[in-house]
$ cat protein17.txt   # compact mmCIF, C-alpha atoms
# COMPACT_ATOMS: atom_id res chain seq x y z
CA MET A 1 68.65 4.60 68.34
CA PRO A 2 65.89 7.29 68.03
CA ARG A 3 66.60 10.58 69.79
CA SER A 4 63.41 10.22 71.87
CA SER A 5 64.74 7.07 73.54
CA ARG A 6 68.19 8.50 74.31
CA ARG A 7 68.64 12.21 74.90
CA TRP A 8 72.43 12.55 74.47
CA ARG A 9 75.10 10.96 72.34
CA PHE A 10 78.74 11.88 72.83
CA SER A 11 81.96 11.57 70.88
CA CYS A 12 85.20 10.70 72.70
CA GLU A 13 87.65 10.59 69.84
CA ARG A 14 91.21 11.54 70.79
CA PRO A 15 90.51 13.29 74.13
CA LYS A 16 93.31 15.70 75.00
CA PRO A 17 94.13 17.04 78.48
CA ALA A 18 94.35 20.77 79.07
CA PRO A 19 97.86 22.23 78.57
CA GLY A 20 100.06 21.54 81.59
CA MET A 21 97.52 19.23 83.18
CA ARG A 22 98.52 15.72 84.28
CA ARG A 23 96.71 12.70 82.88
CA GLU A 24 95.85 11.51 86.37
CA THR A 25 93.79 14.62 87.18
CA THR A 26 90.61 13.34 85.55
CA GLU A 27 90.98 9.93 87.12
CA LEU A 28 91.55 11.50 90.54
CA TRP A 29 87.80 12.17 90.81
CA GLY A 30 86.61 8.88 89.36
CA TRP A 31 86.56 9.74 85.64
CA ARG A 32 88.12 7.50 83.03
CA ARG A 33 89.02 8.38 79.48
CA SER A 34 86.80 5.62 78.15
CA GLU A 35 83.68 7.08 79.74
CA CYS A 36 84.21 10.78 79.02
CA GLY A 37 81.00 11.02 77.04
CA HIS A 38 78.90 8.92 79.43
CA TRP A 39 76.06 10.52 81.38
CA LYS A 40 77.58 9.22 84.63
CA SER A 41 80.48 11.65 84.19
CA ARG A 42 78.13 14.59 84.14
CA ARG A 43 76.23 13.33 87.18
CA ARG A 44 79.49 12.74 89.02
CA TYR A 45 80.67 16.27 88.22
CA ARG A 46 77.46 17.80 89.49
CA ARG A 47 77.55 15.80 92.70
CA LEU A 48 81.22 16.58 93.44
CA ALA A 49 80.96 20.25 92.49
CA LEU A 50 78.01 20.84 94.78
CA LYS A 51 79.67 18.90 97.60
CA HIS A 52 82.98 20.80 97.49
CA HIS A 53 81.74 24.28 96.50
CA PRO A 54 83.43 26.83 98.83
CA LEU A 55 80.10 28.43 99.68
CA LYS A 56 78.66 25.10 100.87
CA SER A 57 81.65 23.29 102.35
CA ASN A 58 83.36 24.16 105.63
CA GLU A 59 86.57 22.34 104.71
CA PRO A 60 89.61 24.69 104.41
CA SER A 61 90.74 22.88 101.24
CA SER A 62 87.34 23.14 99.50
CA ALA A 63 88.45 25.94 97.16
CA GLU A 64 91.41 23.93 95.83
CA ILE A 65 89.34 20.76 95.54
CA PHE A 66 86.63 22.64 93.66
CA ARG A 67 89.22 24.04 91.25
CA GLN A 68 90.62 20.55 90.53
CA ILE A 69 87.12 19.18 89.91
CA ALA A 70 86.37 21.96 87.44
CA GLU A 71 89.68 21.43 85.61
CA ALA A 72 89.13 17.69 85.37
CA PHE A 73 85.68 18.11 83.94
CA ASP A 74 86.88 20.82 81.55
CA VAL A 75 89.21 18.31 79.88
CA LEU A 76 86.34 15.95 79.24
CA SER A 77 83.80 18.64 78.35
CA ASP A 78 85.85 19.50 75.27
CA GLN A 79 84.50 16.27 73.75
CA PHE A 80 80.80 16.71 74.60
CA PHE A 81 78.61 16.89 71.49
CA ASP A 82 74.98 16.13 70.69
CA ALA A 83 73.75 13.85 67.93
CA GLU A 84 74.16 16.59 65.29
CA GLY A 85 77.68 17.44 66.39
CA SER A 86 76.73 20.69 68.16
CA GLU A 87 78.36 21.51 71.46
CA VAL A 88 76.21 20.88 74.54
CA ASP A 89 75.74 23.70 77.08
CA LEU A 90 76.28 22.00 80.42
CA ASN A 91 74.66 24.25 82.99
CA PHE A 92 74.63 22.68 86.43
CA GLY A 93 73.07 25.27 88.68
CA GLY A 94 75.49 28.00 87.56
CA LEU A 95 78.58 25.72 87.60
CA GLN A 96 79.71 25.27 84.00
CA GLY A 97 82.73 23.34 82.85
CA ARG A 98 83.92 26.22 80.70
CA GLY A 99 83.21 28.86 83.36
CA VAL A 100 80.68 30.71 81.20
CA LYS A 101 78.95 33.45 83.20
CA LYS A 102 75.57 35.04 82.57
CA GLN A 103 74.62 38.56 83.57
CA ASP A 104 71.76 39.11 85.96
CA PRO A 105 68.72 40.99 84.56
CA PRO A 106 68.93 44.79 84.89
CA ILE A 107 67.55 46.42 88.03
CA GLU A 108 65.28 49.37 87.21
CA ARG A 109 64.30 52.11 89.65
CA ASP A 110 62.33 55.36 89.23
CA LEU A 111 64.12 58.67 89.79
CA TYR A 112 61.59 61.39 90.67
CA LEU A 113 62.70 64.93 89.79
CA SER A 114 60.97 68.30 90.04
CA LEU A 115 60.57 70.58 87.03
CA GLU A 116 63.12 72.89 88.65
CA ASP A 117 65.64 70.01 88.79
CA LEU A 118 65.05 69.35 85.10
CA PHE A 119 65.09 73.05 84.19
CA PHE A 120 68.42 73.93 85.80
CA GLY A 121 70.06 70.50 86.06
CA CYS A 122 71.34 69.16 89.36
CA THR A 123 73.36 66.40 91.01
CA LYS A 124 71.66 63.51 92.78
CA LYS A 125 73.51 61.08 95.06
CA ILE A 126 71.87 57.72 95.69
CA LYS A 127 73.11 55.16 98.22
CA ILE A 128 72.76 51.51 97.27
CA SER A 129 73.57 48.32 99.19
CA ARG A 130 74.97 45.39 97.25
CA ARG A 131 76.94 42.18 97.70
CA VAL A 132 80.65 42.52 96.94
CA LEU A 133 82.98 39.55 96.47
CA ASN A 134 85.70 39.07 99.04
CA GLU A 135 89.32 38.32 98.15
CA ASP A 136 88.71 34.56 98.13
CA GLY A 137 86.48 35.03 95.06
CA TYR A 138 83.58 33.03 96.56
CA SER A 139 82.21 34.63 99.74
CA SER A 140 80.67 38.10 99.71
CA THR A 141 79.90 41.03 101.99
CA ILE A 142 77.10 43.59 101.83
CA LYS A 143 78.56 47.06 101.32
CA ASP A 144 77.11 50.51 100.62
CA LYS A 145 78.04 52.59 97.61
CA ILE A 146 77.10 56.10 96.48
CA LEU A 147 76.00 56.47 92.86
CA THR A 148 76.17 60.02 91.46
CA ILE A 149 73.75 61.18 88.76
CA ASP A 150 74.46 64.47 86.96
CA VAL A 151 71.04 65.59 85.78
CA LYS A 152 71.30 67.63 82.59
CA PRO A 153 68.99 70.60 81.88
CA GLY A 154 66.03 69.55 79.77
CA TRP A 155 66.07 65.81 80.49
CA ARG A 156 62.67 64.38 79.63
CA GLN A 157 60.54 61.89 81.47
CA GLY A 158 61.68 58.39 80.59
CA THR A 159 65.37 59.29 80.31
CA ARG A 160 67.39 56.23 81.39
CA ILE A 161 70.66 56.44 83.34
CA THR A 162 72.61 53.16 83.39
CA PHE A 163 75.30 52.14 85.87
CA GLU A 164 76.89 49.06 84.34
CA LYS A 165 77.57 46.01 86.52
CA GLU A 166 76.77 47.72 89.84
CA GLY A 167 74.44 44.95 91.06
CA ASP A 168 75.27 42.10 93.44
CA GLN A 169 78.54 40.33 92.77
CA GLY A 170 78.90 36.55 92.83
CA PRO A 171 81.38 33.84 91.77
CA ASN A 172 79.23 32.60 88.88
CA ILE A 173 77.43 35.75 87.71
CA ILE A 174 78.07 39.03 85.97
CA PRO A 175 76.59 41.81 88.15
CA ALA A 176 73.39 43.36 86.89
CA ASP A 177 73.20 46.86 85.45
CA ILE A 178 71.34 49.38 87.60
CA ILE A 179 69.07 51.66 85.57
CA PHE A 180 67.35 54.80 86.86
CA ILE A 181 64.35 56.09 84.89
CA VAL A 182 63.43 59.77 85.15
CA LYS A 183 59.91 60.53 86.40
CA GLU A 184 58.55 64.07 86.75
CA LYS A 185 57.00 65.21 90.01
CA LEU A 186 53.70 67.06 89.82
CA HIS A 187 54.19 70.84 89.78
CA PRO A 188 51.83 73.36 91.40
CA ARG A 189 51.85 75.74 88.41
CA PHE A 190 53.01 74.01 85.25
CA ARG A 191 52.42 70.84 83.30
CA ARG A 192 55.08 69.69 80.88
CA GLU A 193 54.49 68.31 77.38
CA ASN A 194 57.76 67.39 75.66
CA ASP A 195 59.75 70.67 75.82
CA ASN A 196 56.72 72.94 76.31
CA LEU A 197 55.08 74.16 79.50
CA PHE A 198 51.33 74.52 79.98
CA PHE A 199 49.92 77.10 82.40
CA VAL A 200 46.24 77.54 83.32
CA ASN A 201 45.17 81.02 84.41
CA PRO A 202 41.76 81.60 86.06
CA ILE A 203 40.05 84.71 84.70
CA PRO A 204 36.68 86.37 85.40
CA LEU A 205 34.25 86.56 82.52
CA GLY A 206 34.43 90.35 82.46
CA LYS A 207 38.21 90.36 81.89
CA ALA A 208 37.89 87.57 79.33
CA LEU A 209 35.65 89.88 77.29
CA THR A 210 37.48 93.17 77.84
CA CYS A 211 41.21 92.25 77.59
CA CYS A 212 43.67 91.82 80.46
CA THR A 213 47.26 91.18 81.48
CA VAL A 214 48.34 87.76 82.76
CA GLU A 215 51.17 87.39 85.28
CA VAL A 216 53.20 84.17 85.13
CA LYS A 217 56.00 83.33 87.56
CA THR A 218 58.58 81.23 85.69
CA LEU A 219 60.64 78.30 86.97
CA ASP A 220 63.64 80.62 87.32
CA ASP A 221 61.59 83.11 89.40
CA ARG A 222 61.04 85.77 86.74
CA LEU A 223 57.65 87.45 86.51
CA LEU A 224 56.19 87.63 83.01
CA ASN A 225 53.46 90.15 82.20
CA ILE A 226 51.62 88.88 79.13
CA PRO A 227 49.09 91.30 77.59
CA ILE A 228 45.96 89.68 76.20
CA ASN A 229 44.21 91.91 73.67
CA ASP A 230 41.89 89.26 72.27
CA ILE A 231 38.49 88.15 73.50
CA ILE A 232 39.12 84.98 75.50
CA HIS A 233 36.78 82.10 74.66
CA PRO A 234 36.86 78.55 76.11
CA LYS A 235 39.24 77.25 73.38
CA TYR A 236 41.55 80.26 73.38
CA PHE A 237 45.20 79.98 74.37
CA LYS A 238 48.25 82.26 74.22
CA LYS A 239 51.65 81.02 73.05
CA VAL A 240 54.77 82.62 74.53
CA PRO A 241 57.84 81.50 72.51
CA GLY A 242 61.04 80.52 74.29
CA GLU A 243 59.63 80.30 77.83
CA GLY A 244 59.40 76.51 78.07
CA MET A 245 61.92 73.83 79.09
CA PRO A 246 65.52 73.74 77.86
CA LEU A 247 66.14 71.42 74.92
CA PRO A 248 68.31 68.44 75.94
CA GLU A 249 70.26 68.70 72.69
CA ASP A 250 70.96 72.43 73.19
CA PRO A 251 70.01 73.84 76.64
CA THR A 252 70.52 77.41 75.37
CA LYS A 253 67.29 76.95 73.40
CA LYS A 254 63.90 76.45 75.02
CA GLY A 255 60.44 75.24 74.17
CA ASP A 256 57.35 77.43 74.45
CA LEU A 257 54.93 78.44 77.17
CA PHE A 258 51.23 77.92 76.46
CA ILE A 259 48.71 79.85 78.58
CA PHE A 260 45.20 78.44 78.82
CA PHE A 261 42.30 80.09 80.59
CA ASP A 262 39.72 78.92 83.09
CA ILE A 263 36.88 81.38 82.50
CA GLN A 264 34.92 81.97 85.70
CA PHE A 265 31.28 82.81 85.19
CA PRO A 266 29.28 84.74 87.83
CA THR A 267 26.88 82.69 89.91
CA ARG A 268 24.37 85.58 90.26
CA LEU A 269 23.46 88.77 88.39
CA THR A 270 21.16 91.57 89.52
CA PRO A 271 18.39 92.64 87.16
CA GLN A 272 20.26 95.85 86.46
CA LYS A 273 23.41 94.02 85.41
CA LYS A 274 21.43 91.66 83.21
CA GLN A 275 19.88 94.63 81.48
CA MET A 276 23.29 96.22 80.95
CA LEU A 277 24.63 92.98 79.45
CA ARG A 278 21.68 92.75 77.08
CA GLN A 279 22.31 96.27 75.90
CA ALA A 280 26.03 95.65 75.49
CA LEU A 281 25.94 92.22 73.90
CA LEU A 282 22.64 91.92 72.12
CA THR A 283 22.17 95.34 70.52

$ encode --input "protein17.txt" --output "structure tokens"
Amino acid sequence: MPRSSRRWRFSCERPKPAPGMRRETTELWGWRRSECGHWKSRRRYRRLALKHHPLKSNEPSSAEIFRQIAEAFDVLSDQFFDAEGSEVDLNFGGLQGRGVKKQDPPIERDLYLSLEDLFFGCTKKIKISRRVLNEDGYSSTIKDKILTIDVKPGWRQGTRITFEKEGDQGPNIIPADIIFIVKEKLHPRFRRENDNLFFVNPIPLGKALTCCTVEVKTLDDRLLNIPINDIIHPKYFKKVPGEGMPLPEDPTKKGDLFIFFDIQFPTRLTPQKKQMLRQALLT
């Protein structure tokens, strides 16, 4: 028979019950050895499992009945094969004869940190609410939990912190991983690029042409006085080694500080000042 006209073929040669399981268990729920590979067995399992699942049935004995149904089907599922002899994955809404569980997709959340947090390192405590299985193994309760993140000095944007299997719990799932992804907050003075810090200093045109000293307040509240002895043009910048962010691999070492300049031109000049500039710059 072509595969297109019949989706499944099964082999029922020498079915064997699970160790310690009575022969009558499979027949208790309407299965017979002679029909173990028939599609009706799979439909019957699905119908009975959904009917007696502890989360859907109010009967006190539903948990035990559900367990017996799963055991009975597990005996027969050992013989389920497709036309090529490969084992069939019987997934009936999360109820599988072999009890195979799949993990939920990871849950990703942004973790916004200031440059100071990333410069010094810090501890962040985050409260989450999740479903936790009760002792019966089927019902669940929503409970709060505190997750603690130890931020290391120098962590970069995009750093991922994973808490394995801290998602919702359930009888037929593996809880999802919860992943926090570091995002940097905007800073009023600095912009970060990898392990370096960029600082923009406004400067009048006169000082740009006649040298100056730039004051920079660092993330750890030190005041740097950087002498500038060059003529500052629009593409000029000053590099200060070792005044950037700590390196994640070795926080005792730091990146660099780059000072850029916003040259402020005068909006008006008196005739006398124009004449003085011509004499100074054009002669």

$ closest_residue --input "protein17.txt" --among "A:Asp221, A:Asp256, A:Asp262, A:Glu184" --to "Thr159 in chain A" --atoms "all atoms listed in the file"
A:Glu184

$ closest_residue --input "protein17.txt" --among "A:Gly137, A:Pro153, A:Gly158, A:Pro204" --to "Ile173 in chain A" --atoms "all atoms listed in the file"
A:Gly137

$ atom_distance --input "protein17.txt" --atom1 "CA of Arg109 in chain A" --atom2 "CA of Leu219 in chain A"
26.6 Å

$ residues_near_point --input "protein17.txt" --point "(84.4, 17.1, 96.3)" --cutoff "7 Å" --atoms "all atoms listed in the file" --output "PDB file with C-alpha atoms, in the coordinates of the input"
ATOM      1  CA  LEU A  48      81.220  16.580  93.440  1.00  0.00           C
ATOM      2  CA  ALA A  49      80.960  20.250  92.490  1.00  0.00           C
ATOM      3  CA  LYS A  51      79.670  18.900  97.600  1.00  0.00           C
ATOM      4  CA  HIS A  52      82.980  20.800  97.490  1.00  0.00           C
ATOM      5  CA  ILE A  65      89.340  20.760  95.540  1.00  0.00           C
ATOM      6  CA  PHE A  66      86.630  22.640  93.660  1.00  0.00           C
TER       7      PHE A  66
END

$ residues_around --input "protein17.txt" --residues "Val214 in chain A" --least-positions-apart "2" --cutoff "8 Å" --atoms "all atoms listed in the file" --output "tab-separated table (two decimals) with C-alpha atoms, keeping the file's coordinate frame"
chain	number	residue	atom	x	y	z
A	201	ASN	CA	45.17	81.02	84.41
A	212	CYS	CA	43.67	91.82	80.46
A	216	VAL	CA	53.20	84.17	85.13
A	224	LEU	CA	56.19	87.63	83.01
A	225	ASN	CA	53.46	90.15	82.20
A	226	ILE	CA	51.62	88.88	79.13
A	227	PRO	CA	49.09	91.30	77.59
A	228	ILE	CA	45.96	89.68	76.20

$ residues_around --input "protein17.txt" --residues "Thr123 in chain A" --least-positions-apart "3" --cutoff "10 Å" --atoms "all atoms listed in the file" --output "PyMOL selection string"
chain A and resi 117+126+148-152

$ atom_distance --input "protein17.txt" --atom1 "CA of Lys238 in chain A" --atom2 "CA of Leu115 in chain A"
21.3 Å

$ atom_distance --input "protein17.txt" --atom1 "CA of Asn172 in chain A" --atom2 "CA of Ser139 in chain A"
11.4 Å

$ residues_around --input "protein17.txt" --residues "Gly255 in chain A" --least-positions-apart "4" --cutoff "12 Å" --atoms "all atoms listed in the file" --output "MDAnalysis selection string"
chainID A and resid 119 154 192:198 239:251

$ residues_around --input "protein17.txt" --residues "Leu209 in chain A" --least-positions-apart "6" --cutoff "9 Å" --atoms "all atoms listed in the file" --output "JSON, numbers by chain"
{"A": [230, 231, 232, 233]}

$ residues_near_point --input "protein17.txt" --point "(42.1, 76.4, 75.8)" --cutoff "7 Å" --atoms "only C-alpha atoms" --output "VMD selection string"
chain A and resid 234 to 237 260 to 261
